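Structure record follows, encoded as structure tokens.
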Amino acid sequence: MVILREIVEKLKPVEVIGNIDRSVINAIQLDEENQRDDVLMWVSAKFSDKLNNISKGIIICGCLPEVINNDCTYLQFETPRLAFQKVLTEFFMPAKKVGISRTAVIGNNVEIGKDVYVGEYVVIEDNSIIGAYTTIDHHTTIKNDTIIGENVIIGANNTIGGVGFGYEKDEAGEYVFIPHIGNVVIGNNVEIGNNTCIDRAVLGSTILMDNVKVDNLVHIAHGVQIGRNSLVIANAMVAGSVQIGENTWVAPSSSIINQKKIGNNVTIGLSAVVVKNVEDGQTVIGSPAEEISKALAKKKIMNEKLFK
């Protein structure tokens with residue numbers, strides 16, 4: 001439980017209307033039927049019309065309702081979603097776990113920093129480095145020579161630093177495996193979800209720069225480099241030696257074929273199949289992926305031909 005005044009003093013809303021000395025016991029989804037005055041909700045600009053239907057509670061919002069309800073307290077912010085994130089992080093997050101679980105297996109010559117949490121049945125192989133304040137959840141395997149920075153969050157059932165898929169035909173025409181003798185390097189403040197694989201490089205390193213966020217069920221192949229503050233979302237596949245710039249969004253179920261270069265501030269659309277380089281600032285969609293204006297223009301032409 002927290003007193004609302006503490007939240008107000010910490011976040012400093014643009015405007016506050018209502019009682020800030022009430023207790024807050026929980027944060028909940030936006031609920032027009034709510035009848036509790038000790039829960040906190042947030043309203044995006046898209047659903048601001050619902051403000052007028054809420055009769056009780058504490059509401060983080062971007063604009064105030066037309067009619068102020070005396071049983072509500074309104075906290076107005078320029079970015080209400082960000083304010084809600086800060087409230088959850090500061091006041092409602094469970095206490096961070098610290099320590100190495102009994103069932104974890106730690107290899108030789110492993111360096112583990114201050115206040116790290118290693119979950120049940122985690123394996124950290126030889127010569128790996130785990131930075132301070134990092135969390136590695138249950139059943140994740142960190143293969144040898146992996147380097148992980150500080151304040152990293154790694155979910156459950158991941159494999160970081162496993163070998164990738166690389167073969168060549170020998171003299172008899174049989175596929176033979178190309179050894180992967182590189183490693184994975186993960187920067188600071190990176191977050192990785194659950195059931196994700198990040199492969200070691202054949203030579204050199206697979207690199208995730210600071211503040212990269214990787215969702216569940218993602219495959220990042222050998223030798224990939226992902227720039228600072230980029231996001232790779234569920235079911236995405238980033239093939240070998242792809243380079244992704246900074247502040248780039250790789251949408252769910254998209255695929256990037258090997259050795260392509262993706263610029264800074266790029267958006268790769270839902271289920272896009274990227275088969276050529278993407279320049280800074282572009283949004284690409286479709287299969288094969290094209291810059292959005294070109295893709296939409298082609299679609300318009302096709303529709304016109306279809307319905308003539």
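If you're wondering about the labels, chains in the structure tokens are A, B, ... by order shown, residues count from 1 in each chain, ligands from 1 in order shown.
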**OP:** Could you give me, as an MDAnalysis selection string, the residues within 8 Å of stretch 243-254 of chain A, counting only C-alpha atoms and dropping anything in the same chain fewer than 6 positions from it?
**Re:** chainID A and resid 224:237 260:274
Wanna dump the stretch 53-151 of chain A-stretch 184-203 of chain A contacts at 10 Å for me, each residue with its shortest atom pair and the distance in Å to one decimal, counting only C-alpha atoms, ordered by chain and number, as CSV?
residue,atom,partner,partner_atom,distance
A:Ser128,CA,A:Val184,CA,9.8
A:Ile129,CA,A:Val185,CA,9.5
A:Ile130,CA,A:Ile186,CA,9.6
A:Gly131,CA,A:Asn188,CA,8.2
A:Ala132,CA,A:Asn188,CA,9.6
A:Tyr133,CA,A:Asn189,CA,9.7
A:Thr134,CA,A:Asn189,CA,8.6
A:Thr135,CA,A:Glu191,CA,9.5
A:Ile136,CA,A:Ile192,CA,9.5
A:Asp137,CA,A:Asn194,CA,8.9
A:His138,CA,A:Asn194,CA,9.8
A:His139,CA,A:Asn195,CA,9.8
A:Thr140,CA,A:Asn195,CA,8.6
A:Thr141,CA,A:Cys197,CA,9.8
A:Ile142,CA,A:Val184,CA,9.5
A:Lys143,CA,A:Arg200,CA,8.7
A:Asn144,CA,A:Val184,CA,9.2
A:Asp145,CA,A:Val184,CA,7.5
A:Thr146,CA,A:Val184,CA,5.0
A:Ile147,CA,A:Val185,CA,4.8
A:Ile148,CA,A:Ile186,CA,4.7
A:Gly149,CA,A:Asn188,CA,4.5
A:Glu150,CA,A:Asn188,CA,4.8
A:Asn151,CA,A:Asn189,CA,4.9
Taking the DSSP assignment computed from this structure's backbone, write out as a PDB file with N, CA, C and O atoms, in the first residue's frame all residues of stretch 3-225 of chain A that belong to strand (DSSP E).
ATOM      1  N   ILE A   3       0.579   5.800  -0.051  1.00  0.00           N
ATOM      2  CA  ILE A   3      -0.262   6.998   0.008  1.00  0.00           C
ATOM      3  C   ILE A   3      -0.088   7.760  -1.303  1.00  0.00           C
ATOM      4  O   ILE A   3       1.034   7.951  -1.785  1.00  0.00           O
ATOM      5  N   GLU A  15      -1.172  18.536 -13.443  1.00  0.00           N
ATOM      6  CA  GLU A  15      -2.275  19.036 -12.617  1.00  0.00           C
ATOM      7  C   GLU A  15      -2.842  17.881 -11.801  1.00  0.00           C
ATOM      8  O   GLU A  15      -2.872  16.734 -12.255  1.00  0.00           O
ATOM      9  N   VAL A  16      -3.276  18.202 -10.585  1.00  0.00           N
ATOM     10  CA  VAL A  16      -3.909  17.220  -9.709  1.00  0.00           C
ATOM     11  C   VAL A  16      -5.249  17.777  -9.257  1.00  0.00           C
ATOM     12  O   VAL A  16      -5.339  18.928  -8.805  1.00  0.00           O
ATOM     13  N   ILE A  17      -6.287  16.967  -9.383  1.00  0.00           N
ATOM     14  CA  ILE A  17      -7.611  17.352  -8.889  1.00  0.00           C
ATOM     15  C   ILE A  17      -8.122  16.216  -8.006  1.00  0.00           C
ATOM     16  O   ILE A  17      -8.220  15.074  -8.450  1.00  0.00           O
ATOM     17  N   SER A  23      -5.254   6.208   0.301  1.00  0.00           N
ATOM     18  CA  SER A  23      -4.352   5.068   0.103  1.00  0.00           C
ATOM     19  C   SER A  23      -4.559   4.461  -1.280  1.00  0.00           C
ATOM     20  O   SER A  23      -5.660   4.508  -1.840  1.00  0.00           O
ATOM     21  N   VAL A  24      -3.481   3.881  -1.813  1.00  0.00           N
ATOM     22  CA  VAL A  24      -3.542   3.150  -3.076  1.00  0.00           C
ATOM     23  C   VAL A  24      -3.056   1.729  -2.794  1.00  0.00           C
ATOM     24  O   VAL A  24      -1.906   1.527  -2.417  1.00  0.00           O
ATOM     25  N   ASN A  26      -3.582  -0.908  -5.109  1.00  0.00           N
ATOM     26  CA  ASN A  26      -3.301  -1.675  -6.321  1.00  0.00           C
ATOM     27  C   ASN A  26      -3.468  -0.791  -7.546  1.00  0.00           C
ATOM     28  O   ASN A  26      -4.112   0.259  -7.504  1.00  0.00           O
ATOM     29  N   ALA A  27      -2.871  -1.239  -8.664  1.00  0.00           N
ATOM     30  CA  ALA A  27      -3.092  -0.631  -9.975  1.00  0.00           C
ATOM     31  C   ALA A  27      -3.879  -1.628 -10.812  1.00  0.00           C
ATOM     32  O   ALA A  27      -3.566  -2.821 -10.813  1.00  0.00           O
ATOM     33  N   VAL A  39      -7.826   2.278  -5.835  1.00  0.00           N
ATOM     34  CA  VAL A  39      -7.103   1.665  -6.953  1.00  0.00           C
ATOM     35  C   VAL A  39      -6.754   2.735  -7.983  1.00  0.00           C
ATOM     36  O   VAL A  39      -7.436   3.750  -8.097  1.00  0.00           O
ATOM     37  N   LEU A  40      -5.691   2.460  -8.730  1.00  0.00           N
ATOM     38  CA  LEU A  40      -5.180   3.426  -9.698  1.00  0.00           C
ATOM     39  C   LEU A  40      -5.303   2.862 -11.100  1.00  0.00           C
ATOM     40  O   LEU A  40      -5.005   1.698 -11.344  1.00  0.00           O
ATOM     41  N   MET A  41      -5.741   3.707 -12.048  1.00  0.00           N
ATOM     42  CA  MET A  41      -5.907   3.327 -13.456  1.00  0.00           C
ATOM     43  C   MET A  41      -5.254   4.392 -14.335  1.00  0.00           C
ATOM     44  O   MET A  41      -4.954   5.485 -13.866  1.00  0.00           O
ATOM     45  N   TRP A  42      -5.054   4.052 -15.608  1.00  0.00           N
ATOM     46  CA  TRP A  42      -4.622   5.088 -16.538  1.00  0.00           C
ATOM     47  C   TRP A  42      -5.499   5.054 -17.773  1.00  0.00           C
ATOM     48  O   TRP A  42      -6.022   4.012 -18.172  1.00  0.00           O
ATOM     49  N   VAL A  43      -5.653   6.209 -18.397  1.00  0.00           N
ATOM     50  CA  VAL A  43      -6.493   6.362 -19.587  1.00  0.00           C
ATOM     51  C   VAL A  43      -5.667   7.003 -20.687  1.00  0.00           C
ATOM     52  O   VAL A  43      -5.114   8.098 -20.510  1.00  0.00           O
ATOM     53  N   GLY A  57     -12.064   6.024  -7.967  1.00  0.00           N
ATOM     54  CA  GLY A  57     -10.693   5.618  -8.215  1.00  0.00           C
ATOM     55  C   GLY A  57      -9.763   6.784  -8.477  1.00  0.00           C
ATOM     56  O   GLY A  57     -10.153   7.954  -8.470  1.00  0.00           O
ATOM     57  N   ILE A  58      -8.504   6.434  -8.727  1.00  0.00           N
ATOM     58  CA  ILE A  58      -7.441   7.391  -9.019  1.00  0.00           C
ATOM     59  C   ILE A  58      -7.062   7.185 -10.472  1.00  0.00           C
ATOM     60  O   ILE A  58      -6.777   6.065 -10.893  1.00  0.00           O
ATOM     61  N   ILE A  59      -7.066   8.241 -11.245  1.00  0.00           N
ATOM     62  CA  ILE A  59      -6.948   8.119 -12.692  1.00  0.00           C
ATOM     63  C   ILE A  59      -5.780   8.951 -13.199  1.00  0.00           C
ATOM     64  O   ILE A  59      -5.738  10.165 -13.002  1.00  0.00           O
ATOM     65  N   ILE A  60      -4.830   8.281 -13.853  1.00  0.00           N
ATOM     66  CA  ILE A  60      -3.761   8.959 -14.583  1.00  0.00           C
ATOM     67  C   ILE A  60      -4.268   9.204 -15.998  1.00  0.00           C
ATOM     68  O   ILE A  60      -4.695   8.277 -16.687  1.00  0.00           O
ATOM     69  N   CYS A  61      -4.236  10.453 -16.443  1.00  0.00           N
ATOM     70  CA  CYS A  61      -4.834  10.785 -17.739  1.00  0.00           C
ATOM     71  C   CYS A  61      -4.042  11.893 -18.414  1.00  0.00           C
ATOM     72  O   CYS A  61      -3.240  12.585 -17.783  1.00  0.00           O
ATOM     73  N   CYS A  72     -13.409  10.802  -7.472  1.00  0.00           N
ATOM     74  CA  CYS A  72     -12.184  10.443  -8.200  1.00  0.00           C
ATOM     75  C   CYS A  72     -11.067  11.441  -7.905  1.00  0.00           C
ATOM     76  O   CYS A  72     -11.332  12.604  -7.565  1.00  0.00           O
ATOM     77  N   THR A  73      -9.841  10.969  -8.039  1.00  0.00           N
ATOM     78  CA  THR A  73      -8.684  11.858  -8.059  1.00  0.00           C
ATOM     79  C   THR A  73      -8.029  11.733  -9.427  1.00  0.00           C
ATOM     80  O   THR A  73      -7.773  10.624  -9.902  1.00  0.00           O
ATOM     81  N   TYR A  74      -7.764  12.870 -10.067  1.00  0.00           N
ATOM     82  CA  TYR A  74      -7.214  12.890 -11.421  1.00  0.00           C
ATOM     83  C   TYR A  74      -5.776  13.410 -11.377  1.00  0.00           C
ATOM     84  O   TYR A  74      -5.496  14.469 -10.810  1.00  0.00           O
ATOM     85  N   LEU A  75      -4.877  12.642 -11.993  1.00  0.00           N
ATOM     86  CA  LEU A  75      -3.484  13.049 -12.141  1.00  0.00           C
ATOM     87  C   LEU A  75      -3.219  13.244 -13.630  1.00  0.00           C
ATOM     88  O   LEU A  75      -3.216  12.280 -14.394  1.00  0.00           O
ATOM     89  N   GLN A  76      -3.011  14.475 -14.027  1.00  0.00           N
ATOM     90  CA  GLN A  76      -2.849  14.778 -15.450  1.00  0.00           C
ATOM     91  C   GLN A  76      -1.368  14.841 -15.815  1.00  0.00           C
ATOM     92  O   GLN A  76      -0.573  15.521 -15.155  1.00  0.00           O
ATOM     93  N   GLY A  99      20.791 -13.483  -5.583  1.00  0.00           N
ATOM     94  CA  GLY A  99      21.417 -14.726  -5.137  1.00  0.00           C
ATOM     95  C   GLY A  99      21.420 -15.792  -6.211  1.00  0.00           C
ATOM     96  O   GLY A  99      20.778 -15.657  -7.263  1.00  0.00           O
ATOM     97  N   ILE A 100      22.130 -16.865  -5.955  1.00  0.00           N
ATOM     98  CA  ILE A 100      22.248 -17.987  -6.885  1.00  0.00           C
ATOM     99  C   ILE A 100      21.443 -19.157  -6.345  1.00  0.00           C
ATOM    100  O   ILE A 100      21.679 -19.626  -5.226  1.00  0.00           O
ATOM    101  N   VAL A 105      23.811 -24.259 -12.057  1.00  0.00           N
ATOM    102  CA  VAL A 105      25.120 -24.859 -12.336  1.00  0.00           C
ATOM    103  C   VAL A 105      26.024 -23.765 -12.897  1.00  0.00           C
ATOM    104  O   VAL A 105      25.725 -23.178 -13.943  1.00  0.00           O
ATOM    105  N   ILE A 106      27.116 -23.502 -12.197  1.00  0.00           N
ATOM    106  CA  ILE A 106      28.035 -22.441 -12.601  1.00  0.00           C
ATOM    107  C   ILE A 106      29.355 -23.078 -13.013  1.00  0.00           C
ATOM    108  O   ILE A 106      29.963 -23.847 -12.258  1.00  0.00           O
ATOM    109  N   GLU A 111      32.592 -15.056 -13.984  1.00  0.00           N
ATOM    110  CA  GLU A 111      32.556 -13.847 -13.162  1.00  0.00           C
ATOM    111  C   GLU A 111      31.104 -13.405 -12.996  1.00  0.00           C
ATOM    112  O   GLU A 111      30.402 -13.206 -13.996  1.00  0.00           O
ATOM    113  N   ILE A 112      30.672 -13.266 -11.749  1.00  0.00           N
ATOM    114  CA  ILE A 112      29.302 -12.841 -11.464  1.00  0.00           C
ATOM    115  C   ILE A 112      29.357 -11.578 -10.608  1.00  0.00           C
ATOM    116  O   ILE A 112      29.976 -11.566  -9.539  1.00  0.00           O
ATOM    117  N   TYR A 117      20.797 -12.179  -9.718  1.00  0.00           N
ATOM    118  CA  TYR A 117      19.916 -13.303  -9.407  1.00  0.00           C
ATOM    119  C   TYR A 117      20.053 -14.352 -10.497  1.00  0.00           C
ATOM    120  O   TYR A 117      19.928 -14.058 -11.690  1.00  0.00           O
ATOM    121  N   VAL A 118      20.312 -15.604 -10.093  1.00  0.00           N
ATOM    122  CA  VAL A 118      20.402 -16.744 -11.009  1.00  0.00           C
ATOM    123  C   VAL A 118      19.340 -17.740 -10.572  1.00  0.00           C
ATOM    124  O   VAL A 118      19.401 -18.274  -9.465  1.00  0.00           O
ATOM    125  N   VAL A 123      21.992 -22.721 -16.176  1.00  0.00           N
ATOM    126  CA  VAL A 123      23.360 -23.171 -16.432  1.00  0.00           C
ATOM    127  C   VAL A 123      24.148 -22.000 -16.995  1.00  0.00           C
ATOM    128  O   VAL A 123      23.741 -21.380 -17.980  1.00  0.00           O
ATOM    129  N   ILE A 124      25.273 -21.691 -16.351  1.00  0.00           N
ATOM    130  CA  ILE A 124      26.196 -20.675 -16.865  1.00  0.00           C
ATOM    131  C   ILE A 124      27.529 -21.373 -17.115  1.00  0.00           C
ATOM    132  O   ILE A 124      28.200 -21.818 -16.183  1.00  0.00           O
ATOM    133  N   ILE A 129      30.789 -13.973 -18.297  1.00  0.00           N
ATOM    134  CA  ILE A 129      30.790 -12.819 -17.396  1.00  0.00           C
ATOM    135  C   ILE A 129      29.357 -12.315 -17.264  1.00  0.00           C
ATOM    136  O   ILE A 129      28.686 -12.051 -18.276  1.00  0.00           O
ATOM    137  N   ILE A 130      28.890 -12.170 -16.017  1.00  0.00           N
ATOM    138  CA  ILE A 130      27.540 -11.674 -15.746  1.00  0.00           C
ATOM    139  C   ILE A 130      27.669 -10.373 -14.964  1.00  0.00           C
ATOM    140  O   ILE A 130      28.199 -10.359 -13.840  1.00  0.00           O
ATOM    141  N   THR A 135      19.450 -10.232 -13.812  1.00  0.00           N
ATOM    142  CA  THR A 135      18.548 -11.321 -13.447  1.00  0.00           C
ATOM    143  C   THR A 135      18.507 -12.346 -14.570  1.00  0.00           C
ATOM    144  O   THR A 135      18.287 -11.988 -15.735  1.00  0.00           O
ATOM    145  N   ILE A 136      18.699 -13.613 -14.233  1.00  0.00           N
ATOM    146  CA  ILE A 136      18.585 -14.714 -15.195  1.00  0.00           C
ATOM    147  C   ILE A 136      17.572 -15.696 -14.639  1.00  0.00           C
ATOM    148  O   ILE A 136      17.808 -16.314 -13.595  1.00  0.00           O
ATOM    149  N   THR A 141      19.956 -21.232 -20.244  1.00  0.00           N
ATOM    150  CA  THR A 141      21.340 -21.678 -20.399  1.00  0.00           C
ATOM    151  C   THR A 141      22.176 -20.577 -21.035  1.00  0.00           C
ATOM    152  O   THR A 141      21.824 -20.054 -22.100  1.00  0.00           O
ATOM    153  N   ILE A 142      23.261 -20.232 -20.356  1.00  0.00           N
ATOM    154  CA  ILE A 142      24.231 -19.267 -20.874  1.00  0.00           C
ATOM    155  C   ILE A 142      25.472 -20.065 -21.274  1.00  0.00           C
ATOM    156  O   ILE A 142      26.175 -20.613 -20.424  1.00  0.00           O
ATOM    157  N   ILE A 147      29.257 -12.807 -22.651  1.00  0.00           N
ATOM    158  CA  ILE A 147      29.476 -11.611 -21.829  1.00  0.00           C
ATOM    159  C   ILE A 147      28.159 -10.858 -21.714  1.00  0.00           C
ATOM    160  O   ILE A 147      27.561 -10.479 -22.732  1.00  0.00           O
ATOM    161  N   ILE A 148      27.686 -10.663 -20.481  1.00  0.00           N
ATOM    162  CA  ILE A 148      26.411  -9.999 -20.226  1.00  0.00           C
ATOM    163  C   ILE A 148      26.669  -8.781 -19.347  1.00  0.00           C
ATOM    164  O   ILE A 148      27.358  -8.874 -18.328  1.00  0.00           O
ATOM    165  N   ILE A 153      17.951  -8.148 -17.859  1.00  0.00           N
ATOM    166  CA  ILE A 153      16.893  -9.065 -17.441  1.00  0.00           C
ATOM    167  C   ILE A 153      16.739 -10.130 -18.516  1.00  0.00           C
ATOM    168  O   ILE A 153      16.441  -9.813 -19.672  1.00  0.00           O
ATOM    169  N   ILE A 154      16.955 -11.383 -18.138  1.00  0.00           N
ATOM    170  CA  ILE A 154      16.810 -12.512 -19.067  1.00  0.00           C
ATOM    171  C   ILE A 154      15.763 -13.445 -18.489  1.00  0.00           C
ATOM    172  O   ILE A 154      15.861 -13.878 -17.343  1.00  0.00           O
ATOM    173  N   THR A 159      18.208 -19.872 -24.518  1.00  0.00           N
ATOM    174  CA  THR A 159      19.576 -20.322 -24.773  1.00  0.00           C
ATOM    175  C   THR A 159      20.345 -19.155 -25.369  1.00  0.00           C
ATOM    176  O   THR A 159      20.013 -18.670 -26.456  1.00  0.00           O
ATOM    177  N   ILE A 160      21.353 -18.712 -24.640  1.00  0.00           N
ATOM    178  CA  ILE A 160      22.179 -17.585 -25.074  1.00  0.00           C
ATOM    179  C   ILE A 160      23.572 -18.125 -25.382  1.00  0.00           C
ATOM    180  O   ILE A 160      24.259 -18.646 -24.498  1.00  0.00           O
ATOM    181  N   GLY A 161      23.988 -18.028 -26.630  1.00  0.00           N
ATOM    182  CA  GLY A 161      25.335 -18.460 -27.004  1.00  0.00           C
ATOM    183  C   GLY A 161      25.429 -19.868 -27.548  1.00  0.00           C
ATOM    184  O   GLY A 161      26.531 -20.417 -27.663  1.00  0.00           O
ATOM    185  N   GLY A 162      24.287 -20.470 -27.898  1.00  0.00           N
ATOM    186  CA  GLY A 162      24.330 -21.766 -28.569  1.00  0.00           C
ATOM    187  C   GLY A 162      24.860 -21.627 -29.984  1.00  0.00           C
ATOM    188  O   GLY A 162      24.957 -20.525 -30.529  1.00  0.00           O
ATOM    189  N   TYR A 167      26.305 -24.653 -42.458  1.00  0.00           N
ATOM    190  CA  TYR A 167      26.815 -25.884 -43.061  1.00  0.00           C
ATOM    191  C   TYR A 167      27.424 -25.588 -44.434  1.00  0.00           C
ATOM    192  O   TYR A 167      27.064 -24.607 -45.088  1.00  0.00           O
ATOM    193  N   GLU A 168      28.316 -26.446 -44.859  1.00  0.00           N
ATOM    194  CA  GLU A 168      28.905 -26.372 -46.192  1.00  0.00           C
ATOM    195  C   GLU A 168      29.014 -27.800 -46.740  1.00  0.00           C
ATOM    196  O   GLU A 168      29.205 -28.758 -45.979  1.00  0.00           O
ATOM    197  N   LYS A 169      28.878 -27.964 -48.055  1.00  0.00           N
ATOM    198  CA  LYS A 169      29.034 -29.294 -48.655  1.00  0.00           C
ATOM    199  C   LYS A 169      30.516 -29.647 -48.785  1.00  0.00           C
ATOM    200  O   LYS A 169      31.336 -28.825 -49.191  1.00  0.00           O
ATOM    201  N   TYR A 175      26.576 -32.359 -46.354  1.00  0.00           N
ATOM    202  CA  TYR A 175      26.656 -31.151 -45.537  1.00  0.00           C
ATOM    203  C   TYR A 175      27.486 -31.405 -44.289  1.00  0.00           C
ATOM    204  O   TYR A 175      27.284 -32.390 -43.579  1.00  0.00           O
ATOM    205  N   VAL A 176      28.439 -30.518 -44.023  1.00  0.00           N
ATOM    206  CA  VAL A 176      29.261 -30.598 -42.814  1.00  0.00           C
ATOM    207  C   VAL A 176      29.114 -29.288 -42.036  1.00  0.00           C
ATOM    208  O   VAL A 176      28.978 -28.209 -42.619  1.00  0.00           O
ATOM    209  N   PHE A 177      29.147 -29.402 -40.729  1.00  0.00           N
ATOM    210  CA  PHE A 177      28.913 -28.259 -39.854  1.00  0.00           C
ATOM    211  C   PHE A 177      30.139 -27.350 -39.794  1.00  0.00           C
ATOM    212  O   PHE A 177      31.274 -27.828 -39.700  1.00  0.00           O
ATOM    213  N   ASN A 183      31.291 -15.719 -29.824  1.00  0.00           N
ATOM    214  CA  ASN A 183      30.512 -15.657 -28.587  1.00  0.00           C
ATOM    215  C   ASN A 183      29.336 -14.699 -28.751  1.00  0.00           C
ATOM    216  O   ASN A 183      29.052 -14.208 -29.850  1.00  0.00           O
ATOM    217  N   VAL A 184      28.635 -14.459 -27.649  1.00  0.00           N
ATOM    218  CA  VAL A 184      27.562 -13.455 -27.595  1.00  0.00           C
ATOM    219  C   VAL A 184      27.961 -12.387 -26.591  1.00  0.00           C
ATOM    220  O   VAL A 184      28.439 -12.707 -25.486  1.00  0.00           O
ATOM    221  N   VAL A 185      27.751 -11.127 -26.954  1.00  0.00           N
ATOM    222  CA  VAL A 185      28.006  -9.995 -26.058  1.00  0.00           C
ATOM    223  C   VAL A 185      26.717  -9.204 -25.915  1.00  0.00           C
ATOM    224  O   VAL A 185      26.130  -8.767 -26.920  1.00  0.00           O
ATOM    225  N   ILE A 186      26.263  -9.036 -24.679  1.00  0.00           N
ATOM    226  CA  ILE A 186      25.013  -8.334 -24.388  1.00  0.00           C
ATOM    227  C   ILE A 186      25.335  -7.099 -23.559  1.00  0.00           C
ATOM    228  O   ILE A 186      26.014  -7.193 -22.526  1.00  0.00           O
ATOM    229  N   GLU A 191      16.901  -6.349 -22.148  1.00  0.00           N
ATOM    230  CA  GLU A 191      15.872  -7.244 -21.629  1.00  0.00           C
ATOM    231  C   GLU A 191      15.541  -8.293 -22.685  1.00  0.00           C
ATOM    232  O   GLU A 191      15.346  -7.964 -23.856  1.00  0.00           O
ATOM    233  N   ILE A 192      15.481  -9.549 -22.260  1.00  0.00           N
ATOM    234  CA  ILE A 192      15.189 -10.676 -23.139  1.00  0.00           C
ATOM    235  C   ILE A 192      14.068 -11.472 -22.500  1.00  0.00           C
ATOM    236  O   ILE A 192      14.137 -11.796 -21.312  1.00  0.00           O
ATOM    237  N   CYS A 197      16.226 -17.749 -28.521  1.00  0.00           N
ATOM    238  CA  CYS A 197      17.577 -18.236 -28.794  1.00  0.00           C
ATOM    239  C   CYS A 197      18.406 -17.123 -29.422  1.00  0.00           C
ATOM    240  O   CYS A 197      17.970 -16.485 -30.391  1.00  0.00           O
ATOM    241  N   ILE A 198      19.588 -16.911 -28.874  1.00  0.00           N
ATOM    242  CA  ILE A 198      20.548 -15.968 -29.441  1.00  0.00           C
ATOM    243  C   ILE A 198      21.837 -16.742 -29.672  1.00  0.00           C
ATOM    244  O   ILE A 198      22.476 -17.216 -28.725  1.00  0.00           O
ATOM    245  N   ASP A 199      22.208 -16.918 -30.936  1.00  0.00           N
ATOM    246  CA  ASP A 199      23.313 -17.796 -31.297  1.00  0.00           C
ATOM    247  C   ASP A 199      24.659 -17.076 -31.234  1.00  0.00           C
ATOM    248  O   ASP A 199      24.762 -15.886 -31.556  1.00  0.00           O
ATOM    249  N   SER A 205      31.675 -11.822 -32.595  1.00  0.00           N
ATOM    250  CA  SER A 205      30.604 -11.804 -31.596  1.00  0.00           C
ATOM    251  C   SER A 205      29.251 -11.484 -32.213  1.00  0.00           C
ATOM    252  O   SER A 205      29.156 -10.683 -33.148  1.00  0.00           O
ATOM    253  N   THR A 206      28.225 -12.120 -31.680  1.00  0.00           N
ATOM    254  CA  THR A 206      26.851 -11.647 -31.843  1.00  0.00           C
ATOM    255  C   THR A 206      26.637 -10.587 -30.764  1.00  0.00           C
ATOM    256  O   THR A 206      26.907 -10.846 -29.584  1.00  0.00           O
ATOM    257  N   ILE A 207      26.143  -9.407 -31.148  1.00  0.00           N
ATOM    258  CA  ILE A 207      26.147  -8.268 -30.218  1.00  0.00           C
ATOM    259  C   ILE A 207      24.766  -7.647 -30.103  1.00  0.00           C
ATOM    260  O   ILE A 207      24.128  -7.306 -31.109  1.00  0.00           O
ATOM    261  N   LEU A 208      24.308  -7.487 -28.873  1.00  0.00           N
ATOM    262  CA  LEU A 208      23.125  -6.686 -28.558  1.00  0.00           C
ATOM    263  C   LEU A 208      23.606  -5.483 -27.755  1.00  0.00           C
ATOM    264  O   LEU A 208      24.133  -5.639 -26.644  1.00  0.00           O
ATOM    265  N   LYS A 213      15.699  -4.483 -26.459  1.00  0.00           N
ATOM    266  CA  LYS A 213      14.631  -5.274 -25.852  1.00  0.00           C
ATOM    267  C   LYS A 213      14.217  -6.368 -26.832  1.00  0.00           C
ATOM    268  O   LYS A 213      13.875  -6.081 -27.991  1.00  0.00           O
ATOM    269  N   VAL A 214      14.254  -7.617 -26.359  1.00  0.00           N
ATOM    270  CA  VAL A 214      13.926  -8.775 -27.188  1.00  0.00           C
ATOM    271  C   VAL A 214      12.757  -9.508 -26.547  1.00  0.00           C
ATOM    272  O   VAL A 214      12.798  -9.836 -25.358  1.00  0.00           O
ATOM    273  N   HIS A 219      14.283 -15.565 -32.587  1.00  0.00           N
ATOM    274  CA  HIS A 219      15.547 -16.204 -32.955  1.00  0.00           C
ATOM    275  C   HIS A 219      16.481 -15.152 -33.526  1.00  0.00           C
ATOM    276  O   HIS A 219      16.167 -14.522 -34.555  1.00  0.00           O
ATOM    277  N   ILE A 220      17.609 -14.973 -32.865  1.00  0.00           N
ATOM    278  CA  ILE A 220      18.664 -14.075 -33.344  1.00  0.00           C
ATOM    279  C   ILE A 220      19.862 -14.945 -33.687  1.00  0.00           C
ATOM    280  O   ILE A 220      20.436 -15.609 -32.822  1.00  0.00           O
ATOM    281  N   GLN A 225      24.221  -8.078 -35.255  1.00  0.00           N
ATOM    282  CA  GLN A 225      24.487  -6.916 -34.411  1.00  0.00           C
ATOM    283  C   GLN A 225      23.226  -6.063 -34.355  1.00  0.00           C
ATOM    284  O   GLN A 225      22.670  -5.697 -35.399  1.00  0.00           O
TER     285      GLN A 225
END
Subject >> Contacts of stretch 85-92 of chain A within 9 Å, only C-alpha atoms, excl. fewer than 6 positions in-chain, as number ranges by chain >> reply: A: 1-2, 7, 10-11, 26-27
With N, CA and C atoms retained, write the just-selected residues as a short mmCIF file (atom, residue, chain, number, x, y, z; two decimals), in the first residue's frame.
data_model
loop_
_atom_site.label_atom_id
_atom_site.label_comp_id
_atom_site.auth_asym_id
_atom_site.auth_seq_id
_atom_site.Cartn_x
_atom_site.Cartn_y
_atom_site.Cartn_z
N MET A 1 0.85 -1.20 0.00
CA MET A 1 0.00 0.00 0.00
C MET A 1 0.89 1.25 0.00
N VAL A 2 0.42 2.29 -0.68
CA VAL A 2 1.14 3.54 -0.74
C VAL A 2 0.14 4.69 -0.62
N ILE A 7 3.13 9.28 -4.53
CA ILE A 7 3.18 9.17 -5.99
C ILE A 7 3.22 10.55 -6.62
N LYS A 10 6.59 12.14 -6.23
CA LYS A 10 7.61 11.50 -7.04
C LYS A 10 7.47 11.85 -8.53
N LEU A 11 6.25 11.84 -9.04
CA LEU A 11 6.03 11.98 -10.48
C LEU A 11 5.72 13.40 -10.93
N ASN A 26 -3.58 -0.91 -5.11
CA ASN A 26 -3.30 -1.68 -6.32
C ASN A 26 -3.47 -0.79 -7.55
N ALA A 27 -2.87 -1.24 -8.66
CA ALA A 27 -3.09 -0.63 -9.98
C ALA A 27 -3.88 -1.63 -10.81
#
**OP:** Within 6 Å of A:Ile292, counting only C-alpha atoms, which residues show up once you throw out same-chain ones fewer than 5 positions away? Write them as a list of chain:residue names, please.
**Re:** A:Thr283, A:Val284, A:Ile285
